[in-house]
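Below is the file structure-v4.txt, which contains compact mmCIF, N, CA and C atoms.
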# COMPACT_ATOMS: atom_id res chain seq x y z
N MET A 1 3.95 -83.78 26.45
CA MET A 1 4.98 -82.76 26.58
C MET A 1 4.92 -81.82 25.38
N ALA A 2 4.81 -80.54 25.63
CA ALA A 2 4.77 -79.55 24.56
C ALA A 2 6.18 -79.28 24.03
N HIS A 3 6.24 -78.97 22.75
CA HIS A 3 7.52 -78.69 22.09
C HIS A 3 7.53 -77.25 21.60
N THR A 4 8.74 -76.68 21.52
CA THR A 4 8.92 -75.30 21.07
C THR A 4 9.97 -75.26 19.97
N LEU A 5 9.72 -74.48 18.95
CA LEU A 5 10.71 -74.29 17.90
C LEU A 5 11.13 -72.84 17.88
N ARG A 6 12.32 -72.61 17.34
CA ARG A 6 12.85 -71.25 17.19
C ARG A 6 13.56 -71.19 15.84
N VAL A 7 13.19 -70.22 15.03
CA VAL A 7 13.79 -70.03 13.72
C VAL A 7 14.21 -68.56 13.63
N GLU A 8 15.38 -68.34 13.07
CA GLU A 8 15.92 -66.98 12.98
C GLU A 8 16.38 -66.73 11.55
N ARG A 9 16.13 -65.51 11.05
CA ARG A 9 16.54 -65.15 9.70
C ARG A 9 16.77 -63.65 9.65
N THR A 10 17.84 -63.22 8.97
CA THR A 10 18.15 -61.79 8.85
C THR A 10 17.91 -61.34 7.42
N TYR A 11 17.29 -60.16 7.31
CA TYR A 11 16.94 -59.57 6.01
C TYR A 11 17.61 -58.20 5.89
N GLU A 12 18.03 -57.87 4.69
CA GLU A 12 18.60 -56.55 4.43
C GLU A 12 17.46 -55.57 4.16
N ALA A 13 16.71 -55.29 5.21
CA ALA A 13 15.56 -54.39 5.11
C ALA A 13 15.27 -53.83 6.50
N PRO A 14 14.69 -52.63 6.56
CA PRO A 14 14.35 -52.06 7.87
C PRO A 14 13.22 -52.85 8.54
N ALA A 15 13.18 -52.78 9.85
CA ALA A 15 12.19 -53.53 10.63
C ALA A 15 10.77 -53.20 10.20
N ARG A 16 10.50 -51.95 9.89
CA ARG A 16 9.13 -51.57 9.51
C ARG A 16 8.69 -52.30 8.25
N ALA A 17 9.58 -52.43 7.27
CA ALA A 17 9.24 -53.13 6.03
C ALA A 17 8.99 -54.61 6.29
N VAL A 18 9.79 -55.21 7.16
CA VAL A 18 9.62 -56.63 7.48
C VAL A 18 8.34 -56.84 8.27
N PHE A 19 8.10 -56.00 9.26
CA PHE A 19 6.86 -56.09 10.04
C PHE A 19 5.65 -55.95 9.12
N ASP A 20 5.68 -54.97 8.23
CA ASP A 20 4.57 -54.74 7.33
C ASP A 20 4.32 -55.95 6.43
N ALA A 21 5.37 -56.66 6.03
CA ALA A 21 5.22 -57.85 5.20
C ALA A 21 4.47 -58.96 5.96
N TRP A 22 4.60 -58.97 7.28
CA TRP A 22 3.91 -59.95 8.12
C TRP A 22 2.45 -59.58 8.38
N THR A 23 2.07 -58.34 8.11
CA THR A 23 0.75 -57.88 8.55
C THR A 23 -0.12 -57.30 7.43
N SER A 24 0.41 -57.13 6.25
CA SER A 24 -0.36 -56.62 5.11
C SER A 24 -0.89 -57.81 4.31
N PRO A 25 -2.21 -58.00 4.26
CA PRO A 25 -2.75 -59.15 3.52
C PRO A 25 -2.25 -59.23 2.08
N GLU A 26 -2.14 -58.09 1.41
CA GLU A 26 -1.66 -58.09 0.02
C GLU A 26 -0.25 -58.68 -0.07
N VAL A 27 0.63 -58.28 0.83
CA VAL A 27 2.00 -58.77 0.82
C VAL A 27 2.06 -60.22 1.33
N MET A 28 1.28 -60.54 2.36
CA MET A 28 1.25 -61.90 2.89
C MET A 28 0.90 -62.91 1.80
N ARG A 29 -0.01 -62.56 0.90
CA ARG A 29 -0.40 -63.49 -0.18
C ARG A 29 0.78 -63.83 -1.08
N ARG A 30 1.78 -62.99 -1.13
CA ARG A 30 2.92 -63.23 -2.02
C ARG A 30 3.99 -64.12 -1.40
N TRP A 31 4.02 -64.28 -0.07
CA TRP A 31 5.13 -65.05 0.51
C TRP A 31 4.73 -66.09 1.56
N TRP A 32 3.57 -65.96 2.17
CA TRP A 32 3.24 -66.77 3.35
C TRP A 32 2.73 -68.15 2.94
N HIS A 33 3.63 -69.01 2.52
CA HIS A 33 3.31 -70.40 2.24
C HIS A 33 4.55 -71.25 2.46
N ALA A 34 4.31 -72.50 2.78
CA ALA A 34 5.40 -73.40 3.14
C ALA A 34 5.86 -74.18 1.92
N GLY A 35 6.36 -73.48 0.95
CA GLY A 35 6.83 -74.13 -0.26
C GLY A 35 7.37 -73.10 -1.21
N ASP A 36 7.87 -73.56 -2.34
CA ASP A 36 8.47 -72.68 -3.33
C ASP A 36 7.39 -71.94 -4.12
N ALA A 37 7.78 -71.39 -5.25
CA ALA A 37 6.86 -70.58 -6.06
C ALA A 37 5.71 -71.39 -6.65
N SER A 38 5.78 -72.71 -6.60
CA SER A 38 4.67 -73.52 -7.10
C SER A 38 3.50 -73.54 -6.10
N TRP A 39 3.74 -73.10 -4.88
CA TRP A 39 2.69 -72.93 -3.88
C TRP A 39 2.10 -71.53 -4.03
N GLU A 40 0.94 -71.30 -3.44
CA GLU A 40 0.38 -69.95 -3.40
C GLU A 40 -0.37 -69.77 -2.09
N THR A 41 -0.45 -68.52 -1.67
CA THR A 41 -1.28 -68.16 -0.53
C THR A 41 -2.56 -67.58 -1.11
N ARG A 42 -3.59 -68.41 -1.12
CA ARG A 42 -4.85 -68.04 -1.76
C ARG A 42 -5.63 -67.01 -0.97
N VAL A 43 -5.56 -67.10 0.37
CA VAL A 43 -6.30 -66.19 1.24
C VAL A 43 -5.34 -65.66 2.30
N ALA A 44 -5.37 -64.38 2.54
CA ALA A 44 -4.64 -63.76 3.66
C ALA A 44 -5.52 -62.64 4.19
N GLU A 45 -5.87 -62.75 5.45
CA GLU A 45 -6.69 -61.73 6.11
C GLU A 45 -6.02 -61.38 7.42
N ALA A 46 -6.04 -60.11 7.80
CA ALA A 46 -5.42 -59.68 9.06
C ALA A 46 -6.15 -58.47 9.62
N ASP A 47 -6.69 -58.64 10.81
CA ASP A 47 -7.29 -57.54 11.57
C ASP A 47 -6.26 -57.20 12.64
N LEU A 48 -5.36 -56.30 12.30
CA LEU A 48 -4.14 -56.05 13.08
C LEU A 48 -4.41 -55.22 14.33
N ARG A 49 -4.86 -55.91 15.37
CA ARG A 49 -5.05 -55.32 16.69
C ARG A 49 -5.11 -56.48 17.68
N VAL A 50 -4.77 -56.22 18.92
CA VAL A 50 -4.87 -57.27 19.93
C VAL A 50 -6.31 -57.76 19.97
N GLY A 51 -6.49 -59.06 19.83
CA GLY A 51 -7.82 -59.65 19.77
C GLY A 51 -8.35 -59.79 18.35
N GLY A 52 -7.72 -59.07 17.40
CA GLY A 52 -8.11 -59.19 16.00
C GLY A 52 -7.70 -60.55 15.46
N VAL A 53 -8.38 -60.99 14.42
CA VAL A 53 -8.11 -62.32 13.88
C VAL A 53 -7.39 -62.23 12.53
N TYR A 54 -6.69 -63.30 12.21
CA TYR A 54 -6.05 -63.44 10.91
C TYR A 54 -6.40 -64.83 10.38
N ARG A 55 -6.23 -65.01 9.08
CA ARG A 55 -6.41 -66.31 8.45
C ARG A 55 -5.55 -66.35 7.20
N VAL A 56 -4.87 -67.47 6.99
CA VAL A 56 -4.10 -67.69 5.77
C VAL A 56 -4.46 -69.07 5.23
N THR A 57 -4.64 -69.14 3.92
CA THR A 57 -4.89 -70.41 3.25
C THR A 57 -3.82 -70.60 2.20
N MET A 58 -3.03 -71.66 2.37
CA MET A 58 -1.95 -71.99 1.44
C MET A 58 -2.42 -73.13 0.54
N ARG A 59 -2.08 -73.05 -0.75
CA ARG A 59 -2.44 -74.10 -1.70
C ARG A 59 -1.17 -74.74 -2.26
N ALA A 60 -1.09 -76.06 -2.12
CA ALA A 60 0.04 -76.83 -2.65
C ALA A 60 -0.14 -77.03 -4.15
N PRO A 61 0.93 -77.39 -4.86
CA PRO A 61 0.83 -77.57 -6.31
C PRO A 61 -0.26 -78.55 -6.75
N GLY A 62 -0.54 -79.59 -5.98
CA GLY A 62 -1.58 -80.55 -6.34
C GLY A 62 -2.99 -80.08 -6.03
N GLY A 63 -3.14 -78.90 -5.41
CA GLY A 63 -4.44 -78.34 -5.11
C GLY A 63 -4.89 -78.48 -3.66
N ALA A 64 -4.15 -79.24 -2.85
CA ALA A 64 -4.51 -79.37 -1.43
C ALA A 64 -4.35 -78.01 -0.76
N GLU A 65 -5.29 -77.68 0.12
CA GLU A 65 -5.24 -76.40 0.82
C GLU A 65 -5.07 -76.61 2.32
N TYR A 66 -4.33 -75.69 2.93
CA TYR A 66 -4.05 -75.73 4.36
C TYR A 66 -4.35 -74.34 4.91
N THR A 67 -5.26 -74.27 5.88
CA THR A 67 -5.66 -72.99 6.46
C THR A 67 -5.27 -72.93 7.92
N ALA A 68 -4.64 -71.83 8.29
CA ALA A 68 -4.32 -71.55 9.69
C ALA A 68 -5.02 -70.25 10.06
N ARG A 69 -5.41 -70.18 11.33
CA ARG A 69 -6.09 -68.97 11.80
C ARG A 69 -5.79 -68.78 13.27
N GLY A 70 -6.08 -67.59 13.73
CA GLY A 70 -5.90 -67.31 15.15
C GLY A 70 -6.18 -65.86 15.44
N ASP A 71 -5.75 -65.45 16.63
CA ASP A 71 -5.95 -64.05 17.03
C ASP A 71 -4.62 -63.48 17.51
N TYR A 72 -4.48 -62.19 17.32
CA TYR A 72 -3.27 -61.49 17.74
C TYR A 72 -3.30 -61.26 19.25
N THR A 73 -2.18 -61.55 19.90
CA THR A 73 -2.05 -61.31 21.33
C THR A 73 -1.12 -60.14 21.64
N VAL A 74 -0.20 -59.84 20.72
CA VAL A 74 0.70 -58.69 20.84
C VAL A 74 0.83 -58.06 19.45
N VAL A 75 0.63 -56.75 19.38
CA VAL A 75 0.85 -55.99 18.15
C VAL A 75 1.65 -54.76 18.56
N ASP A 76 2.95 -54.80 18.30
CA ASP A 76 3.87 -53.74 18.72
C ASP A 76 4.79 -53.38 17.56
N PRO A 77 4.24 -52.65 16.55
CA PRO A 77 5.04 -52.34 15.37
C PRO A 77 6.20 -51.40 15.68
N PRO A 78 7.35 -51.57 15.08
CA PRO A 78 7.76 -52.71 14.25
C PRO A 78 8.61 -53.71 15.03
N ARG A 79 8.37 -53.87 16.31
CA ARG A 79 9.25 -54.69 17.15
C ARG A 79 8.77 -56.11 17.39
N ARG A 80 7.46 -56.30 17.53
CA ARG A 80 6.99 -57.62 17.97
C ARG A 80 5.56 -57.87 17.52
N LEU A 81 5.31 -59.14 17.21
CA LEU A 81 3.99 -59.59 16.82
C LEU A 81 3.81 -60.99 17.43
N ALA A 82 2.69 -61.23 18.09
CA ALA A 82 2.42 -62.56 18.65
C ALA A 82 0.98 -62.92 18.36
N PHE A 83 0.75 -64.21 18.12
CA PHE A 83 -0.58 -64.66 17.76
C PHE A 83 -0.74 -66.15 18.01
N HIS A 84 -2.00 -66.55 18.27
CA HIS A 84 -2.33 -67.97 18.37
C HIS A 84 -2.38 -68.53 16.95
N TRP A 85 -2.05 -69.82 16.81
CA TRP A 85 -2.01 -70.49 15.52
C TRP A 85 -2.74 -71.82 15.65
N THR A 86 -3.78 -72.00 14.85
CA THR A 86 -4.53 -73.25 14.82
C THR A 86 -4.79 -73.63 13.37
N TRP A 87 -4.49 -74.88 13.03
CA TRP A 87 -4.80 -75.39 11.69
C TRP A 87 -6.26 -75.79 11.63
N ASP A 88 -6.93 -75.49 10.53
CA ASP A 88 -8.25 -76.05 10.28
C ASP A 88 -8.06 -77.53 9.95
N GLY A 89 -9.00 -78.36 10.33
CA GLY A 89 -8.93 -79.76 9.93
C GLY A 89 -8.40 -80.68 11.00
N ASP A 90 -7.41 -81.49 10.63
CA ASP A 90 -6.96 -82.61 11.45
C ASP A 90 -6.18 -82.25 12.71
N ASP A 91 -5.56 -81.09 12.76
CA ASP A 91 -4.67 -80.75 13.88
C ASP A 91 -5.25 -79.57 14.65
N PRO A 92 -6.13 -79.83 15.62
CA PRO A 92 -6.77 -78.74 16.35
C PRO A 92 -5.88 -78.10 17.42
N ASN A 93 -4.64 -78.56 17.55
CA ASN A 93 -3.73 -78.05 18.57
C ASN A 93 -3.45 -76.57 18.36
N GLU A 94 -3.75 -75.74 19.36
CA GLU A 94 -3.46 -74.31 19.28
C GLU A 94 -2.06 -74.06 19.84
N THR A 95 -1.25 -73.32 19.07
CA THR A 95 0.08 -72.94 19.51
C THR A 95 0.17 -71.43 19.60
N LEU A 96 1.26 -70.94 20.15
CA LEU A 96 1.50 -69.51 20.23
C LEU A 96 2.76 -69.19 19.45
N ILE A 97 2.66 -68.21 18.57
CA ILE A 97 3.80 -67.76 17.77
C ILE A 97 4.17 -66.35 18.21
N ASP A 98 5.44 -66.17 18.49
CA ASP A 98 5.97 -64.87 18.90
C ASP A 98 7.07 -64.51 17.90
N VAL A 99 6.93 -63.35 17.25
CA VAL A 99 7.89 -62.92 16.24
C VAL A 99 8.50 -61.60 16.70
N GLU A 100 9.82 -61.61 16.83
CA GLU A 100 10.56 -60.39 17.17
C GLU A 100 11.25 -59.87 15.92
N PHE A 101 11.27 -58.56 15.77
CA PHE A 101 11.92 -57.88 14.64
C PHE A 101 13.03 -57.01 15.22
N ILE A 102 14.27 -57.42 15.05
CA ILE A 102 15.40 -56.73 15.68
C ILE A 102 16.23 -56.06 14.58
N GLU A 103 16.17 -54.72 14.54
CA GLU A 103 16.88 -53.98 13.50
C GLU A 103 18.24 -53.53 14.01
N ARG A 104 19.23 -53.73 13.15
CA ARG A 104 20.58 -53.29 13.47
C ARG A 104 21.28 -52.94 12.15
N ASP A 105 21.75 -51.69 12.05
CA ASP A 105 22.47 -51.22 10.87
C ASP A 105 21.70 -51.44 9.57
N GLY A 106 20.39 -51.21 9.60
CA GLY A 106 19.57 -51.30 8.40
C GLY A 106 19.10 -52.71 8.06
N ALA A 107 19.58 -53.70 8.78
CA ALA A 107 19.14 -55.08 8.57
C ALA A 107 18.24 -55.49 9.73
N THR A 108 17.33 -56.42 9.47
CA THR A 108 16.39 -56.86 10.50
C THR A 108 16.48 -58.37 10.67
N THR A 109 16.67 -58.78 11.91
CA THR A 109 16.65 -60.20 12.24
C THR A 109 15.27 -60.53 12.77
N VAL A 110 14.65 -61.54 12.17
CA VAL A 110 13.36 -62.05 12.63
C VAL A 110 13.65 -63.27 13.48
N VAL A 111 13.15 -63.26 14.70
CA VAL A 111 13.25 -64.41 15.59
C VAL A 111 11.83 -64.91 15.84
N LEU A 112 11.52 -66.07 15.29
CA LEU A 112 10.20 -66.67 15.40
C LEU A 112 10.26 -67.82 16.39
N THR A 113 9.41 -67.79 17.40
CA THR A 113 9.30 -68.86 18.38
C THR A 113 7.86 -69.36 18.36
N GLN A 114 7.70 -70.66 18.18
CA GLN A 114 6.36 -71.27 18.21
C GLN A 114 6.34 -72.27 19.35
N SER A 115 5.49 -72.03 20.33
CA SER A 115 5.42 -72.89 21.50
C SER A 115 4.08 -73.61 21.57
N GLY A 116 4.08 -74.74 22.27
CA GLY A 116 2.87 -75.52 22.45
C GLY A 116 2.63 -76.57 21.39
N LEU A 117 3.67 -76.88 20.59
CA LEU A 117 3.51 -77.92 19.57
C LEU A 117 3.33 -79.27 20.25
N SER A 118 2.48 -80.11 19.69
CA SER A 118 2.05 -81.33 20.37
C SER A 118 3.04 -82.49 20.32
N SER A 119 3.99 -82.46 19.38
CA SER A 119 4.89 -83.61 19.24
C SER A 119 6.19 -83.18 18.56
N ALA A 120 7.18 -84.04 18.62
CA ALA A 120 8.45 -83.78 17.94
C ALA A 120 8.25 -83.72 16.43
N SER A 121 7.36 -84.56 15.89
CA SER A 121 7.13 -84.53 14.45
C SER A 121 6.41 -83.25 14.03
N SER A 122 5.52 -82.74 14.88
CA SER A 122 4.87 -81.47 14.59
C SER A 122 5.90 -80.34 14.61
N LYS A 123 6.79 -80.38 15.57
CA LYS A 123 7.86 -79.38 15.64
C LYS A 123 8.72 -79.43 14.38
N GLU A 124 9.08 -80.61 13.95
CA GLU A 124 9.92 -80.77 12.76
C GLU A 124 9.20 -80.24 11.52
N GLY A 125 7.93 -80.60 11.36
CA GLY A 125 7.17 -80.13 10.21
C GLY A 125 6.99 -78.63 10.19
N HIS A 126 6.68 -78.05 11.34
CA HIS A 126 6.51 -76.60 11.42
C HIS A 126 7.84 -75.88 11.20
N THR A 127 8.94 -76.44 11.70
CA THR A 127 10.25 -75.82 11.49
C THR A 127 10.56 -75.73 10.00
N GLY A 128 10.36 -76.83 9.28
CA GLY A 128 10.60 -76.83 7.84
C GLY A 128 9.70 -75.85 7.12
N GLY A 129 8.43 -75.81 7.51
CA GLY A 129 7.49 -74.89 6.88
C GLY A 129 7.86 -73.44 7.09
N TRP A 130 8.25 -73.10 8.33
CA TRP A 130 8.64 -71.72 8.60
C TRP A 130 9.94 -71.37 7.87
N GLN A 131 10.88 -72.29 7.78
CA GLN A 131 12.11 -71.99 7.04
C GLN A 131 11.81 -71.70 5.58
N GLU A 132 10.90 -72.47 4.98
CA GLU A 132 10.52 -72.22 3.59
C GLU A 132 9.80 -70.88 3.45
N ALA A 133 8.88 -70.59 4.37
CA ALA A 133 8.15 -69.32 4.30
C ALA A 133 9.09 -68.13 4.47
N LEU A 134 10.04 -68.25 5.40
CA LEU A 134 10.98 -67.15 5.61
C LEU A 134 11.91 -66.98 4.41
N GLU A 135 12.20 -68.04 3.70
CA GLU A 135 12.94 -67.92 2.44
C GLU A 135 12.10 -67.17 1.42
N ASN A 136 10.81 -67.50 1.34
CA ASN A 136 9.92 -66.77 0.44
C ASN A 136 9.87 -65.29 0.79
N LEU A 137 9.87 -64.99 2.07
CA LEU A 137 9.86 -63.60 2.52
C LEU A 137 11.12 -62.88 2.04
N SER A 138 12.25 -63.56 2.05
CA SER A 138 13.48 -62.92 1.57
C SER A 138 13.35 -62.50 0.12
N HIS A 139 12.72 -63.34 -0.71
CA HIS A 139 12.51 -62.99 -2.12
C HIS A 139 11.55 -61.81 -2.25
N GLU A 140 10.54 -61.78 -1.40
CA GLU A 140 9.57 -60.68 -1.42
C GLU A 140 10.24 -59.36 -1.05
N LEU A 141 11.08 -59.39 -0.03
CA LEU A 141 11.74 -58.15 0.42
C LEU A 141 12.79 -57.67 -0.57
N GLU A 142 13.35 -58.57 -1.36
CA GLU A 142 14.35 -58.20 -2.37
C GLU A 142 13.71 -57.63 -3.62
N ALA A 143 12.41 -57.92 -3.83
CA ALA A 143 11.73 -57.50 -5.07
C ALA A 143 11.58 -56.01 -5.18
Will you turn the file into structure tokens for me?
Amino acid sequence: MAHTLRVERTYEAPARAVFDAWTSPEVMRRWWHAGDASWETRVAEADLRVGGVYRVTMRAPGGAEYTARGDYTVVDPPRRLAFHWTWDGDDPNETLIDVEFIERDGATTVVLTQSGLSSASSKEGHTGGWQEALENLSHELEA
């Protein structure tokens, strides 16, 4: 049975700025990791077009690296971004991530849905990781 997660976060920034933070490799390197400032995003690549590929490599404080990659299925700036997500290594399960950017009164709500997760524990782990990454994004947008 496949599992789906949904995470929502509102930022005091216009949708274009939030969308750009999701798609600019330079900016992605500053926030796209599942941990606090002791983590880093060592690699961020994005070929922002339907069928284009992206790759992110996150490094934990102890040096362990985690790489995710996939291809974009929807690129609709600044409203929506969707892409396949596959971890390199032990978890070959491909999921689909759909990110909506909903702007209202100068603030933008990001609604992230990840479908096709293989287990409840995978859903739980990904939920925590996305919550941490979205917290990092809030610091990036405030800078």
Neighbour residues at most 10 Å from (-4.9, -64.0, -3.7) (only C-alpha atoms) as a PDB file with N, CA and C atoms, keeping the file's coordinate frame:
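Result file out-v9.pdb:
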ATOM      1  N   PRO A  25      -2.210 -58.000   4.260  1.00  0.00           N
ATOM      2  CA  PRO A  25      -2.750 -59.150   3.520  1.00  0.00           C
ATOM      3  C   PRO A  25      -2.250 -59.230   2.080  1.00  0.00           C
ATOM      4  N   GLU A  26      -2.140 -58.090   1.410  1.00  0.00           N
ATOM      5  CA  GLU A  26      -1.660 -58.090   0.020  1.00  0.00           C
ATOM      6  C   GLU A  26      -0.250 -58.680  -0.070  1.00  0.00           C
ATOM      7  N   VAL A  27       0.630 -58.280   0.830  1.00  0.00           N
ATOM      8  CA  VAL A  27       2.000 -58.770   0.820  1.00  0.00           C
ATOM      9  C   VAL A  27       2.060 -60.220   1.330  1.00  0.00           C
ATOM     10  N   MET A  28       1.280 -60.540   2.360  1.00  0.00           N
ATOM     11  CA  MET A  28       1.250 -61.900   2.890  1.00  0.00           C
ATOM     12  C   MET A  28       0.900 -62.910   1.800  1.00  0.00           C
ATOM     13  N   ARG A  29      -0.010 -62.560   0.900  1.00  0.00           N
ATOM     14  CA  ARG A  29      -0.400 -63.490  -0.180  1.00  0.00           C
ATOM     15  C   ARG A  29       0.780 -63.830  -1.080  1.00  0.00           C
ATOM     16  N   ARG A  30       1.780 -62.990  -1.130  1.00  0.00           N
ATOM     17  CA  ARG A  30       2.920 -63.230  -2.020  1.00  0.00           C
ATOM     18  C   ARG A  30       3.990 -64.120  -1.400  1.00  0.00           C
ATOM     19  N   GLU A  40       0.940 -71.300  -3.440  1.00  0.00           N
ATOM     20  CA  GLU A  40       0.380 -69.950  -3.400  1.00  0.00           C
ATOM     21  C   GLU A  40      -0.370 -69.770  -2.090  1.00  0.00           C
ATOM     22  N   THR A  41      -0.450 -68.520  -1.670  1.00  0.00           N
ATOM     23  CA  THR A  41      -1.280 -68.160  -0.530  1.00  0.00           C
ATOM     24  C   THR A  41      -2.560 -67.580  -1.110  1.00  0.00           C
ATOM     25  N   ARG A  42      -3.590 -68.410  -1.120  1.00  0.00           N
ATOM     26  CA  ARG A  42      -4.850 -68.040  -1.760  1.00  0.00           C
ATOM     27  C   ARG A  42      -5.630 -67.010  -0.970  1.00  0.00           C
ATOM     28  N   VAL A  43      -5.560 -67.100   0.370  1.00  0.00           N
ATOM     29  CA  VAL A  43      -6.300 -66.190   1.240  1.00  0.00           C
ATOM     30  C   VAL A  43      -5.340 -65.660   2.300  1.00  0.00           C
ATOM     31  N   ALA A  44      -5.370 -64.380   2.540  1.00  0.00           N
ATOM     32  CA  ALA A  44      -4.640 -63.760   3.660  1.00  0.00           C
ATOM     33  C   ALA A  44      -5.520 -62.640   4.190  1.00  0.00           C
ATOM     34  N   THR A  57      -4.640 -69.140   3.920  1.00  0.00           N
ATOM     35  CA  THR A  57      -4.890 -70.410   3.250  1.00  0.00           C
ATOM     36  C   THR A  57      -3.820 -70.600   2.200  1.00  0.00           C
ATOM     37  N   MET A  58      -3.030 -71.660   2.370  1.00  0.00           N
ATOM     38  CA  MET A  58      -1.950 -71.990   1.440  1.00  0.00           C
ATOM     39  C   MET A  58      -2.420 -73.130   0.540  1.00  0.00           C
TER      40      MET A  58
END
(request) Excluding Thr67 (chain A) and any residue of its chain fewer than 3 positions from it, enumerate the residues within 8 Å of it, using only N, CA and C atoms, and give them as a list in words. (result) Arg55, Val56, Thr57, Met58, Arg59, Ala64, Gly70, Thr86, Trp87, Asp88 and Gly89 of chain A
(request) Mind giving me the straight-line distance from atom C of Trp31 (chain A) to atom C of Glu12 (chain A) in Å, one decimal? (result)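 Going from atom C of Trp31 (chain A) over to atom C of Glu12 (chain A), I get 16.7 Å.
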(request) Return the single residue from A:Ala82, A:Ala15, A:Leu117, A:Met1 that is closest to Thr95 (chain A), with distances computed using only N, CA and C atoms. (result)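 Looking at the shortest contact to Thr95 (chain A), the residue is A:Leu117.
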(message) Just want the 8 Å neighbourhood of Glu132 (chain A), counted on all atoms listed in the file, with same-chain residues fewer than 6 positions away dropped. Output as a PyMOL selection string.
(response) chain A and resi 31-36+126+138
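Using only C-alpha atoms, the smallest distance between any of A:Arg16, A:Ser38, A:Trp22, A:Gly128 and Glu140 (chain A) comes from A:Trp22.
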(request) Using DSSP on the backbone, list every residue of chain A that comes out as strand (DSSP E or B), and give them as a PyMOL selection string. (result) chain A and resi 3-11+40-46+53-59+65-76+80-87+95-104+107-117
(message) Need the shell around Phe83 (chain A): protein/DNA/RNA residues with any atom at most 5 Å away, counting all atoms listed in the file. Skip same-chain ones fewer than 3 positions apart. Format as a list in words?
(response)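 Those residues are Asp71, Tyr72, Thr73, Leu96 and Ile97 of chain A.
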(message) One decimal, in Å: what's the spacing between CA of Asp20 (chain A) and atom C of Ser121 (chain A)?
(response) 29.3 Å
(request) Between A:Leu137, A:Leu112, A:Ala13, A:Ile102, single out the one closest to Pro78 (chain A), counting only C-alpha atoms. (result)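 Closest candidate: A:Ile102.
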(message) Between CA of Glu103 (chain A) and atom N of His84 (chain A), what is the distance in Å, rounded to a tenth?
(response)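 Interatomic distance here is 23.2 Å.
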